[in-house]
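Coordinates as given in work36.cif (mmCIF, C-alpha atoms and all ligand atoms):
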data_coords
loop_
_atom_site.label_atom_id
_atom_site.label_comp_id
_atom_site.auth_asym_id
_atom_site.auth_seq_id
_atom_site.Cartn_x
_atom_site.Cartn_y
_atom_site.Cartn_z
CA MET A 20 0.56 16.46 -15.81
CA ILE A 21 2.42 13.25 -15.10
CA HIS A 22 0.98 11.85 -11.88
CA GLU A 23 1.98 8.47 -10.49
CA ILE A 24 0.44 7.39 -7.20
CA PHE A 25 1.65 4.27 -5.42
CA PRO A 26 1.57 2.94 -1.85
CA VAL A 27 4.89 2.82 0.03
CA GLY A 28 5.96 1.17 3.27
CA PRO A 29 4.14 -1.15 5.69
CA LEU A 30 1.28 1.36 6.24
CA GLN A 31 0.83 1.78 2.46
CA CYS A 32 1.11 5.58 2.39
CA ASN A 33 0.14 6.97 -1.01
CA CYS A 34 3.25 8.60 -2.49
CA SER A 35 2.73 10.97 -5.43
CA VAL A 36 5.25 11.72 -8.15
CA ILE A 37 3.93 14.75 -10.03
CA GLY A 38 5.80 16.00 -13.07
CA ASP A 39 5.50 18.66 -15.74
CA GLU A 40 5.66 17.09 -19.19
CA THR A 41 7.47 20.04 -20.77
CA SER A 42 10.08 21.15 -18.24
CA HIS A 43 10.36 17.67 -16.66
CA GLU A 44 10.43 19.25 -13.22
CA ALA A 45 8.82 17.10 -10.56
CA ILE A 46 7.49 17.22 -7.03
CA VAL A 47 7.41 14.15 -4.79
CA ILE A 48 4.76 14.21 -2.08
CA ASP A 49 5.00 11.92 0.97
CA PRO A 50 7.99 9.67 0.23
CA GLY A 51 7.31 7.52 3.28
CA ALA A 52 9.52 4.61 2.20
CA ASP A 53 10.57 2.62 -0.90
CA VAL A 54 12.82 5.39 -2.20
CA SER A 55 14.22 3.15 -4.95
CA ARG A 56 10.72 2.69 -6.35
CA ILE A 57 10.16 6.46 -6.20
CA LEU A 58 13.43 7.07 -8.07
CA ASP A 59 12.57 4.40 -10.64
CA THR A 60 9.30 6.24 -11.32
CA VAL A 61 11.11 9.57 -11.60
CA THR A 62 13.68 8.10 -13.98
CA ARG A 63 11.09 6.27 -16.10
CA HIS A 64 9.42 9.61 -16.87
CA GLY A 65 12.74 11.45 -17.35
CA LEU A 66 11.95 13.82 -14.48
CA LYS A 67 14.09 15.92 -12.16
CA VAL A 68 12.85 16.24 -8.57
CA THR A 69 12.90 19.87 -7.49
CA GLN A 70 10.87 19.67 -4.26
CA VAL A 71 9.92 17.06 -1.68
CA LEU A 72 6.65 17.96 0.04
CA ILE A 73 5.45 16.24 3.23
CA THR A 74 1.76 16.54 4.18
CA HIS A 75 2.54 15.89 7.86
CA GLY A 76 5.21 14.56 10.17
CA HIS A 77 4.15 10.94 10.56
CA ILE A 78 6.84 8.40 9.77
CA ASP A 79 4.84 6.61 7.08
CA HIS A 80 4.77 9.90 5.09
CA VAL A 81 8.24 11.29 5.84
CA GLY A 82 10.39 8.17 6.41
CA GLY A 83 12.14 8.26 3.02
CA ALA A 84 12.48 12.05 2.72
CA MET A 85 16.11 12.42 3.79
CA LYS A 86 17.27 9.58 1.56
CA LEU A 87 15.36 11.11 -1.37
CA LYS A 88 16.93 14.50 -0.63
CA GLN A 89 20.40 12.98 -0.52
CA LEU A 90 19.88 11.28 -3.89
CA THR A 91 18.17 14.18 -5.71
CA GLY A 92 19.35 17.33 -3.91
CA ALA A 93 15.71 18.47 -3.67
CA PRO A 94 14.70 20.42 -0.54
CA ILE A 95 12.20 19.06 2.01
CA LEU A 96 9.15 21.18 2.84
CA ILE A 97 6.69 20.51 5.66
CA ASN A 98 4.68 22.82 7.88
CA LYS A 99 6.82 23.88 10.82
CA ASN A 100 4.07 23.03 13.32
CA ASP A 101 4.93 19.36 12.78
CA SER A 102 8.45 19.81 14.16
CA PRO A 103 7.41 17.92 17.34
CA GLN A 104 6.42 14.93 15.18
CA LEU A 105 9.80 15.02 13.44
CA GLN A 106 11.51 15.05 16.85
CA MET A 107 9.78 11.79 17.77
CA LEU A 108 10.36 9.73 14.61
CA ASP A 109 12.26 7.07 16.60
CA MET A 110 9.22 6.59 18.83
CA GLN A 111 6.94 6.50 15.79
CA ALA A 112 9.19 3.85 14.22
CA GLY A 113 8.73 1.79 17.37
CA TRP A 114 4.93 2.06 17.10
CA ILE A 115 4.93 0.37 13.71
CA GLY A 116 7.99 -1.83 14.21
CA ILE A 117 10.36 -0.42 11.59
CA ALA A 118 13.93 0.86 11.79
CA PRO A 119 14.19 4.55 12.78
CA PRO A 120 14.91 6.65 9.66
CA GLY A 121 17.29 9.05 11.44
CA PRO A 122 16.77 12.79 11.88
CA VAL A 123 14.85 14.81 9.28
CA THR A 124 15.80 18.44 8.70
CA ILE A 125 13.37 20.86 7.08
CA ASP A 126 14.54 23.25 4.37
CA ALA A 127 11.41 25.41 4.47
CA SER A 128 8.00 25.45 6.11
CA LEU A 129 4.90 24.80 3.99
CA GLU A 130 2.60 27.68 4.88
CA ASP A 131 -1.05 28.28 4.09
CA GLY A 132 -1.35 29.97 0.70
CA ASP A 133 2.20 29.13 -0.43
CA ALA A 134 2.47 28.67 -4.19
CA ILE A 135 4.19 25.48 -5.34
CA LYS A 136 5.51 25.26 -8.90
CA ALA A 137 6.94 22.53 -11.10
CA GLY A 138 7.36 23.89 -14.60
CA ALA A 139 3.88 24.91 -15.74
CA LEU A 140 2.17 23.09 -12.85
CA HIS A 141 0.85 25.22 -10.02
CA ALA A 142 -0.39 24.16 -6.61
CA THR A 143 -1.47 25.94 -3.45
CA VAL A 144 -0.72 24.87 0.10
CA MET A 145 -3.71 24.59 2.43
CA HIS A 146 -2.88 24.40 6.14
CA THR A 147 -5.46 21.96 7.51
CA PRO A 148 -4.60 21.21 11.16
CA GLY A 149 -6.33 18.44 13.09
CA HIS A 150 -4.72 15.09 12.25
CA THR A 151 -1.57 16.90 13.35
CA GLU A 152 -1.04 20.61 14.01
CA GLY A 153 1.07 20.94 10.86
CA SER A 154 -1.07 18.89 8.47
CA THR A 155 -1.38 20.36 4.99
CA CYS A 156 -3.20 19.55 1.77
CA ILE A 157 -1.70 20.36 -1.64
CA TYR A 158 -4.25 21.64 -4.18
CA PHE A 159 -3.76 21.73 -7.95
CA PRO A 160 -6.63 23.99 -9.09
CA ALA A 161 -6.13 23.59 -12.86
CA GLU A 162 -6.11 19.79 -12.61
CA LYS A 163 -8.76 19.80 -9.86
CA LYS A 164 -6.69 17.49 -7.67
CA LEU A 165 -6.17 17.57 -3.93
CA ILE A 166 -3.39 15.65 -2.24
CA ALA A 167 -5.08 15.38 1.15
CA GLY A 168 -2.55 13.63 3.38
CA ASP A 169 -4.30 12.06 6.36
CA THR A 170 -6.93 14.83 6.66
CA LEU A 171 -9.57 13.17 4.45
CA PHE A 172 -10.02 9.56 3.29
CA ALA A 173 -12.62 7.90 1.10
CA GLY A 174 -15.39 7.33 3.65
CA SER A 175 -13.40 8.49 6.67
CA ILE A 176 -11.19 11.20 8.14
CA GLY A 177 -7.78 11.23 9.79
CA ARG A 178 -7.42 9.96 13.33
CA THR A 179 -6.95 12.60 16.01
CA ASP A 180 -5.87 10.42 18.94
CA LEU A 181 -2.12 10.63 18.26
CA PRO A 182 0.08 13.42 19.75
CA GLY A 183 -0.88 16.77 18.20
CA GLY A 184 -4.26 15.49 17.00
CA ASP A 185 -7.39 17.57 17.60
CA PHE A 186 -10.87 16.44 16.52
CA GLU A 187 -12.41 19.92 16.60
CA LYS A 188 -9.60 21.30 14.45
CA ILE A 189 -9.83 18.56 11.83
CA MET A 190 -13.60 19.10 11.55
CA GLN A 191 -13.00 22.85 11.18
CA SER A 192 -10.33 22.24 8.52
CA LEU A 193 -12.64 19.88 6.66
CA HIS A 194 -15.77 22.03 6.77
CA GLN A 195 -14.15 25.43 6.21
CA ARG A 196 -11.37 24.51 3.78
CA VAL A 197 -11.46 21.06 2.21
CA MET A 198 -15.19 20.67 1.63
CA ALA A 199 -15.32 24.24 0.31
CA LEU A 200 -13.47 23.05 -2.81
CA PRO A 201 -15.51 22.27 -5.96
CA GLU A 202 -17.37 18.97 -5.86
CA ASP A 203 -15.55 17.55 -8.89
CA VAL A 204 -12.12 17.90 -7.28
CA ILE A 205 -10.38 14.51 -7.13
CA VAL A 206 -9.04 13.72 -3.67
CA ILE A 207 -5.91 11.59 -3.30
CA PRO A 208 -5.88 10.62 0.37
CA GLY A 209 -2.79 9.63 2.34
CA HIS A 210 -3.99 6.03 2.35
CA GLY A 211 -6.49 4.04 0.32
CA PRO A 212 -8.45 4.81 -2.83
CA ALA A 213 -9.06 8.18 -4.47
CA THR A 214 -12.42 9.92 -4.13
CA THR A 215 -13.99 13.30 -4.89
CA ILE A 216 -15.19 16.20 -2.75
CA GLY A 217 -18.76 15.59 -3.99
CA GLU A 218 -18.66 11.87 -3.17
CA GLU A 219 -17.45 12.58 0.36
CA LYS A 220 -20.05 15.30 0.84
CA GLU A 221 -22.75 12.75 0.06
CA THR A 222 -21.44 9.61 1.72
CA ASN A 223 -18.70 10.28 4.29
CA PRO A 224 -20.28 9.55 7.71
CA PHE A 225 -18.14 12.28 9.32
CA LEU A 226 -19.28 14.93 6.85
CA VAL A 227 -22.89 14.28 5.85
CA GLY A 228 -25.65 16.34 7.40
ZN ZN B 1 -0.67 10.44 9.64
#

Hey, can you dump this file as structure tokens for me?
Amino acid sequence: MIHEIFPVGPLQCNCSVIGDETSHEAIVIDPGADVSRILDTVTRHGLKVTQVLITHGHIDHVGGAMKLKQLTGAPILINKNDSPQLQMLDMQAGWIGIAPPGPVTIDASLEDGDAIKAGALHATVMHTPGHTEGSTCIYFPAEKKLIAGDTLFAGSIGRTDLPGGDFEKIMQSLHQRVMALPEDVIVIPGHGPATTIGEEKETNPFLVG
């Protein structure tokens, strides 16, 4: 598995470029901004982007999606329950003081249990509402990697005070779904450093006890 993780945009969203070494098919997750850097990474590894996955409809995760789609032809997938977030991207741009990215159109909804493929790489979609109603995590069981979006961070969890946020739902998603994964699963959060399920079980103040 080729996996490049780098922060994009003013809020430093972790963008993932995940590629299969044999078929050279690739998935980009959360292209929030800096599309030229994303494309440089894709080109450097000789990859072809076949899908653009968005963990949730916040501008720092989805801001570069349409540009990336235009340049690669790859479809954009995000859970349909985050359509309200996509309708208010201009307002979100105002919150963080950046130019509005223009409308985002979804090619398909990411649904719980959906299988994602790039060559020999396989991932499963986990619908984990709470940070937003349409928040998802992308789990690669063979590689034991979870792309967690803003549901889980090293030492913290996603905020639930923005429109569509729900504290009870994020706790339910975390306890019933995310923390049920094996302890040695590596977690790539939407922002900040990587962690593991086991580390968070032991030390995350929202999850211990
Ligand atoms: Zn977010």

### Query
Which polymer residues, protein or nucleic acid, are no farther than 10 Å from (-0.5, 6.6, -5.7), counting only C-alpha atoms, as a VMD selection string?
chain A and resid 22 to 27 31 to 36 48 207 to 213

### Message
Just the number, please: distance in Å from atom CA of A:Asn98 to atom CA of A:Asp39, one decimal.
### Response
24.0 Å

#### Entry: Site check for ligand ZN 1 (chain B): residues at most 12 Å away, all atoms listed in the file, as a VMD selection string
chain A and resid 30 to 33 49 51 73 to 82 101 104 111 148 to 155 167 to 172 176 to 184 208 to 210

### Task
Could you please determine the separation between atom CA of A:Leu66 and atom CA of A:Ser128 in Å, to one decimal place?
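Result for atom CA of A:Leu66 versus atom CA of A:Ser128: 24.0 Å, one decimal.
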
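Between A:Thr143 and the candidates A:Ile97, A:Leu165, A:Val206, A:Ala52, the tightest atom-to-atom separation, counting all atoms listed in the file, involves A:Leu165.
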